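Undergrad: Here you go, this is data_25.cif (mmCIF, C-alpha atoms).
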data_entry
loop_
_atom_site.label_atom_id
_atom_site.label_comp_id
_atom_site.auth_asym_id
_atom_site.auth_seq_id
_atom_site.Cartn_x
_atom_site.Cartn_y
_atom_site.Cartn_z
CA MET A 13 12.51 1.83 -20.48
CA ILE A 14 9.33 1.60 -18.40
CA GLN A 15 8.12 -1.43 -20.39
CA GLU A 16 11.46 -3.18 -19.74
CA GLN A 17 11.45 -2.28 -16.05
CA MET A 18 7.86 -3.49 -15.62
CA THR A 19 8.74 -6.79 -17.27
CA TYR A 20 11.85 -7.13 -15.08
CA VAL A 21 9.96 -6.47 -11.83
CA GLN A 22 7.14 -8.87 -12.78
CA GLU A 23 9.71 -11.55 -13.59
CA LYS A 24 11.40 -11.02 -10.21
CA ILE A 25 8.01 -11.37 -8.49
CA ARG A 26 7.40 -14.63 -10.39
CA GLU A 27 10.83 -15.93 -9.37
CA ALA A 28 10.26 -15.01 -5.71
CA CYS A 29 6.87 -16.76 -5.78
CA GLY A 30 8.53 -19.81 -7.36
CA ARG A 31 11.06 -20.03 -4.53
CA VAL A 32 8.30 -20.36 -1.93
CA SER A 33 5.68 -22.19 -4.04
CA ARG A 34 3.27 -19.26 -4.32
CA ASN A 35 1.04 -18.38 -7.25
CA PRO A 36 2.30 -15.08 -8.78
CA GLU A 37 -1.33 -14.09 -9.35
CA GLU A 38 -1.59 -13.64 -5.57
CA VAL A 39 0.72 -10.62 -5.78
CA THR A 40 -0.43 -7.23 -7.06
CA LEU A 41 2.26 -4.87 -8.33
CA ILE A 42 1.57 -1.23 -7.47
CA ALA A 43 3.51 1.20 -9.65
CA VAL A 44 4.45 4.01 -7.26
CA SER A 45 4.00 7.03 -9.48
CA LYS A 46 4.53 9.85 -6.97
CA THR A 47 6.22 12.91 -8.52
CA LYS A 48 6.05 11.30 -11.97
CA PRO A 49 4.34 13.05 -14.91
CA VAL A 50 1.15 11.61 -16.38
CA GLU A 51 3.02 10.66 -19.58
CA MET A 52 5.09 8.16 -17.58
CA LEU A 53 1.97 6.74 -15.92
CA LEU A 54 0.40 6.24 -19.34
CA GLU A 55 3.55 4.47 -20.49
CA ALA A 56 3.35 2.17 -17.47
CA TYR A 57 -0.35 1.60 -18.20
CA GLU A 58 0.52 0.58 -21.75
CA ALA A 59 3.09 -1.81 -20.25
CA GLY A 60 0.35 -3.47 -18.19
CA ALA A 61 0.22 -1.46 -14.94
CA ARG A 62 -3.29 -1.00 -13.57
CA ASP A 63 -2.54 -0.09 -9.96
CA PHE A 64 -0.78 3.19 -9.17
CA GLY A 65 0.42 4.44 -5.79
CA GLU A 66 0.51 8.10 -4.82
CA ASN A 67 1.88 9.76 -1.69
CA LYS A 68 0.05 13.05 -1.97
CA VAL A 69 -3.70 13.56 -2.25
CA GLN A 70 -3.30 16.48 -4.66
CA GLU A 71 -1.26 14.40 -7.13
CA LEU A 72 -3.67 11.48 -6.92
CA VAL A 73 -6.71 13.67 -7.57
CA GLN A 74 -5.02 15.45 -10.50
CA LYS A 75 -3.75 12.30 -12.22
CA ARG A 76 -6.69 9.96 -11.77
CA PRO A 77 -9.01 11.53 -14.39
CA LEU A 78 -6.18 11.60 -16.94
CA LEU A 79 -5.76 7.82 -16.97
CA PRO A 80 -8.14 5.19 -18.42
CA GLU A 81 -11.11 4.30 -16.25
CA ASP A 82 -9.76 0.89 -15.25
CA ALA A 83 -6.63 2.39 -13.63
CA ARG A 84 -6.82 2.05 -9.85
CA PHE A 85 -5.19 4.59 -7.55
CA HIS A 86 -3.87 3.73 -4.10
CA MET A 87 -3.15 6.28 -1.38
CA ILE A 88 0.11 5.03 0.10
CA GLY A 89 1.48 8.15 1.80
CA HIS A 90 0.63 9.68 5.17
CA LEU A 91 -2.94 10.98 4.96
CA GLN A 92 -3.71 14.14 6.91
CA THR A 93 -7.20 14.30 8.37
CA ASN A 94 -7.89 17.62 6.61
CA LYS A 95 -7.33 15.90 3.22
CA VAL A 96 -9.78 13.04 3.81
CA LYS A 97 -12.65 14.82 2.01
CA GLN A 98 -10.57 15.10 -1.17
CA VAL A 99 -9.51 11.45 -1.28
CA ILE A 100 -12.78 9.68 -0.46
CA GLY A 101 -14.22 8.14 -3.62
CA GLN A 102 -10.96 8.62 -5.53
CA THR A 103 -9.02 5.58 -4.32
CA ALA A 104 -9.24 1.84 -4.74
CA LEU A 105 -7.54 1.48 -1.37
CA ILE A 106 -6.06 3.67 1.36
CA HIS A 107 -2.95 1.83 2.61
CA SER A 108 -1.86 4.29 5.26
CA VAL A 109 -4.49 4.48 7.99
CA ASP A 110 -2.21 5.07 10.95
CA SER A 111 -4.53 6.21 13.75
CA ILE A 112 -8.03 5.72 15.14
CA HIS A 113 -8.62 9.45 14.63
CA LEU A 114 -7.91 9.19 10.90
CA ALA A 115 -10.20 6.16 10.59
CA GLU A 116 -12.95 8.15 12.36
CA GLN A 117 -12.56 10.98 9.83
CA ILE A 118 -12.77 8.51 6.93
CA GLU A 119 -15.87 6.92 8.48
CA ALA A 120 -17.57 10.30 8.96
CA GLU A 121 -16.89 11.45 5.40
CA ALA A 122 -17.83 8.07 3.88
CA ALA A 123 -21.08 8.07 5.87
CA ARG A 124 -21.92 11.55 4.55
CA ARG A 125 -21.55 10.25 1.00
CA ASP A 126 -23.07 6.83 1.69
CA LEU A 127 -19.89 5.06 0.54
CA THR A 128 -17.81 2.21 1.93
CA VAL A 129 -14.07 2.87 1.89
CA ASP A 130 -11.50 0.05 1.72
CA ILE A 131 -8.48 0.64 3.95
CA LEU A 132 -5.37 -1.04 5.33
CA LEU A 133 -3.96 -0.32 8.76
CA GLU A 134 -0.36 0.86 8.64
CA VAL A 135 1.80 -1.01 11.15
CA ASN A 136 5.17 0.36 12.29
CA VAL A 137 6.68 -3.08 12.89
CA ALA A 138 10.23 -1.81 13.50
CA LYS A 139 9.02 1.03 15.78
CA GLU A 140 10.93 3.65 13.81
CA GLU A 141 10.36 7.12 15.22
CA SER A 142 10.44 8.62 11.72
CA LYS A 143 7.53 6.43 10.54
CA PHE A 144 3.80 6.57 11.12
CA GLY A 145 1.63 3.60 12.04
CA PHE A 146 0.36 1.46 14.88
CA TYR A 147 2.85 -0.57 16.86
CA LEU A 148 2.18 -4.29 16.50
CA GLU A 149 0.91 -4.63 20.07
CA GLU A 150 -1.69 -1.87 19.45
CA THR A 151 -2.98 -3.19 16.17
CA GLU A 152 -5.48 -5.83 17.27
CA GLU A 153 -7.33 -3.34 19.47
CA ALA A 154 -7.35 -0.84 16.59
CA LEU A 155 -8.69 -3.51 14.20
CA ARG A 156 -11.53 -4.32 16.58
CA LYS A 157 -12.44 -0.67 17.08
CA ILE A 158 -12.26 0.31 13.40
CA GLY A 159 -14.05 -2.93 12.46
CA GLY A 160 -17.09 -1.40 14.17
CA PHE A 161 -17.24 1.48 11.67
CA PRO A 162 -20.00 0.71 9.13
CA HIS A 163 -18.57 2.75 6.23
CA VAL A 164 -14.97 1.55 6.51
CA LYS A 165 -13.83 -1.92 5.46
CA VAL A 166 -10.46 -3.10 6.80
CA ARG A 167 -8.96 -5.27 4.07
CA GLY A 168 -5.59 -5.96 5.71
CA LEU A 169 -2.28 -4.46 6.80
CA MET A 170 0.56 -2.39 5.39
CA THR A 171 4.09 -1.65 6.56
CA ILE A 172 7.02 0.42 5.40
CA ALA A 173 10.13 -1.50 6.41
CA PRO A 174 13.37 0.27 7.38
CA PHE A 175 15.67 1.51 4.65
CA VAL A 176 18.50 -1.04 4.51
CA GLU A 177 21.37 -1.81 2.14
CA ASN A 178 20.77 -5.55 2.39
CA SER A 179 17.13 -6.55 1.84
CA GLU A 180 17.61 -9.68 3.96
CA GLU A 181 17.72 -7.42 7.03
CA ASN A 182 14.02 -6.72 6.52
CA ARG A 183 13.01 -10.38 6.38
CA PRO A 184 12.23 -10.52 10.13
CA VAL A 185 10.04 -7.40 9.79
CA PHE A 186 8.01 -8.95 6.98
CA LYS A 187 7.80 -12.32 8.72
CA LYS A 188 6.58 -10.74 11.95
CA LEU A 189 3.81 -8.86 10.16
CA TYR A 190 2.81 -11.92 8.11
CA ASP A 191 2.51 -14.03 11.27
CA PHE A 192 0.38 -11.33 12.88
CA TYR A 193 -1.75 -11.06 9.71
CA VAL A 194 -2.42 -14.83 9.76
CA ASP A 195 -3.28 -14.64 13.47
CA MET A 196 -5.76 -11.79 12.89
CA LYS A 197 -7.31 -13.63 9.95
CA SER A 198 -7.96 -16.64 12.20
CA LYS A 199 -9.79 -14.45 14.74
CA ASN A 200 -12.52 -13.47 12.23
CA ILE A 201 -12.92 -9.94 13.56
CA ASP A 202 -16.19 -8.36 12.36
CA ASN A 203 -15.84 -6.22 9.22
CA VAL A 204 -12.12 -7.11 8.89
CA THR A 205 -11.29 -9.39 5.96
CA MET A 206 -7.46 -9.66 6.23
CA SER A 207 -7.01 -10.42 2.54
CA ILE A 208 -4.28 -7.87 1.73
CA LEU A 209 -0.73 -7.58 3.04
CA SER A 210 0.99 -4.57 1.49
CA MET A 211 4.74 -4.71 2.12
CA GLY A 212 7.94 -4.44 0.15
CA MET A 213 9.30 -1.66 -2.05
CA THR A 214 11.94 -1.37 -4.79
CA GLY A 215 14.80 -2.44 -2.53
CA ASP A 216 13.18 -5.42 -0.82
CA TYR A 217 10.03 -6.52 -2.67
CA GLU A 218 11.42 -9.97 -3.50
CA VAL A 219 11.99 -10.74 0.19
CA ALA A 220 8.53 -9.34 0.99
CA VAL A 221 6.94 -11.65 -1.60
CA GLU A 222 8.82 -14.64 -0.15
CA GLU A 223 7.40 -13.69 3.26
CA GLY A 224 3.78 -13.43 2.12
CA ALA A 225 3.15 -9.94 0.67
CA THR A 226 0.06 -9.74 -1.54
CA MET A 227 0.89 -6.20 -2.71
CA VAL A 228 4.30 -4.67 -3.40
CA ARG A 229 4.85 -0.96 -3.99
CA VAL A 230 7.59 -0.35 -6.58
CA GLY A 231 8.50 3.14 -7.78
CA THR A 232 12.18 3.55 -8.61
CA GLY A 233 12.32 0.00 -9.95
CA ILE A 234 9.76 0.94 -12.62
CA PHE A 235 10.09 4.68 -13.21
CA GLY A 236 13.73 5.29 -12.27
CA ALA A 237 15.00 7.67 -9.58
CA ARG A 238 12.81 10.55 -8.52
CA GLU A 239 13.44 13.91 -10.15
CA LYS A 240 15.21 16.35 -7.85
CA MET A 241 13.56 19.72 -7.58
CA GLY A 242 15.55 22.55 -9.11
CA ASP A 243 17.73 20.43 -11.41
#
Output the file's structure in the form of structure tokens.

TA:
Amino acid sequence: MIQEQMTYVQEKIREACGRVSRNPEEVTLIAVSKTKPVEMLLEAYEAGARDFGENKVQELVQKRPLLPEDARFHMIGHLQTNKVKQVIGQTALIHSVDSIHLAEQIEAEAARRDLTVDILLEVNVAKEESKFGFYLEETEEALRKIGGFPHVKVRGLMTIAPFVENSEENRPVFKKLYDFYVDMKSKNIDNVTMSILSMGMTGDYEVAVEEGATMVRVGTGIFGAREKMGD
């Protein structure tokens, strides 16, 4: 099933790219493997997945050594400052840097280990109270401040769009962030590359790709619905 689902999602990404004259190679598919057993991750790996997204530090740290060395793990969930030590050096990319304080913790820990950590700033475009992230109007100032940290490299932006029945409703959210991303790229802020735009999940990744996403985070669409505890 996972092989079929991977093929289906990749085909949908290609189709979305075709509709807006983009090269599908510009889009990285992240298989969101949170709560899934290692066996399913290995199945996805066999089907071509190389990038895996985890919400919890503990899961990421446990699963990473059990996959082949070329598998890349992405921290996509809310990262608590007290878990920073565990995640540094374990991730290809931290998508969910949602405060200056968290970035400072990452900088301090990376400096201690003489590492450079790639991060994205999480932007709460829709200003949902239930979500973390910088509001759009705060993000440029945050980019400039975090850009001054020598052991942190800001590679771009991430957003979690609202949960909607009709994916078209999220098009303005994706468009707004893409426009901001292009604007920030043109400003050439020190230590900020603006090469990654992580947006779109199982329900709306095609729209996100049409609006410029370079990474989409798909879980249910690859692995099926999450297991419910206690069933």

Undergrad: Which is closest to Ala56 (chain A) among A:Gly159, A:Pro80, A:Gly168, A:Gly145, if we use all atoms listed in the file?

TA: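 Among A:Gly159, A:Pro80, A:Gly168, A:Gly145, it is A:Pro80 that comes nearest to Ala56 (chain A).
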
Undergrad: Could you state which residues are captured by the PyMOL selection byres ((chain A and resi 205) around 8) in this file, as a list in words?

TA: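 That expression, the PyMOL selection byres ((chain A and resi 205) around 8), corresponds here to Lys165, Val166, Arg167, Gly168, Lys197, Asn200, Ile201, Asn203, Val204, Met206 and Ser207 of chain A.
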
Undergrad: For a quick check of understanding, using all atoms listed in the file, which of A:Val99, A:Leu148, A:Ala154, A:Met213 has the smallest distance to Ile234 (chain A)?

TA: A:Met213

Undergrad: Between A:Glu134, A:Glu180, A:Glu150, A:Glu141, which has the minimum distance to Glu222 (chain A) (counting all atoms listed in the file)?

TA: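 Between A:Glu134, A:Glu180, A:Glu150, A:Glu141, the residue approaching Glu222 (chain A) most closely is A:Glu180.
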
Undergrad: Run the PyMOL selection byres ((chain A and resi 23-31) around 8) on the file and write out the hits as a short mmCIF file (atom, residue, chain, number, x, y, z; two decimals) with C-alpha atoms, keeping the file's coordinate frame.

TA:
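Output file selection_24.cif follows:
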data_model
loop_
_atom_site.label_atom_id
_atom_site.label_comp_id
_atom_site.auth_asym_id
_atom_site.auth_seq_id
_atom_site.Cartn_x
_atom_site.Cartn_y
_atom_site.Cartn_z
CA THR A 19 8.74 -6.79 -17.27
CA TYR A 20 11.85 -7.13 -15.08
CA VAL A 21 9.96 -6.47 -11.83
CA GLN A 22 7.14 -8.87 -12.78
CA VAL A 32 8.30 -20.36 -1.93
CA SER A 33 5.68 -22.19 -4.04
CA ARG A 34 3.27 -19.26 -4.32
CA ASN A 35 1.04 -18.38 -7.25
CA PRO A 36 2.30 -15.08 -8.78
CA VAL A 39 0.72 -10.62 -5.78
CA TYR A 217 10.03 -6.52 -2.67
CA GLU A 218 11.42 -9.97 -3.50
CA VAL A 219 11.99 -10.74 0.19
CA VAL A 221 6.94 -11.65 -1.60
CA GLU A 222 8.82 -14.64 -0.15
#

Undergrad: Could you name the residues that touch region 118-130 of chain A at 8 Å or less, counting only C-alpha atoms, but leaving out those on the same chain fewer than 3 positions away, as a ChimeraX atom specification?

TA: /A:96-97,100-101,104-106,114-115,161-167

Undergrad: Could you work out how far CA of Glu81 (chain A) lies from CA of Ala220 (chain A), giving the answer in Å with one decimal?

TA: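 Separation of CA of Ala220 (chain A) and CA of Glu81 (chain A): 29.5 Å.
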
Undergrad: Which distance in Å separates CA of Tyr193 (chain A) and CA of Lys139 (chain A), to one decimal?

TA: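 Distance between the two atoms: 17.3 Å.
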
Undergrad: Could you tell me which of A:Glu140, A:Asp82, A:Glu223, A:Glu152 comes closest to Gly60 (chain A) if we count all atoms listed in the file?

TA: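 Distance minimum relative to Gly60 (chain A) lands on A:Asp82.
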
Undergrad: Choose the residue, out of A:Lys187, A:Lys75, A:Ser210, A:Gln98, that has the smallest atom-to-atom separation from Leu132 (chain A); count all atoms listed in the file.

TA: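 With all atoms listed in the file as the atom set, the closest residue is A:Ser210.
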
Undergrad: To one decimal place, how far is CA of Val109 (chain A) from CA of Thr151 (chain A) in Å?

TA: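 So the two atoms, CA of Val109 (chain A) and CA of Thr151 (chain A), lie 11.3 Å apart.
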
Undergrad: Give the answer as one residue: which of A:Glu153, A:Glu55, A:Ile158, A:Pro174 has the shortest atom-to-atom distance to Ala138 (chain A), using all atoms listed in the file?

TA: A:Pro174

Undergrad: Can you list, as a ChimeraX atom specification, the residues that the PyMOL selection byres ((chain A and resi 40) around 7) selects here?

TA: /A:38-39,41-42,226-228
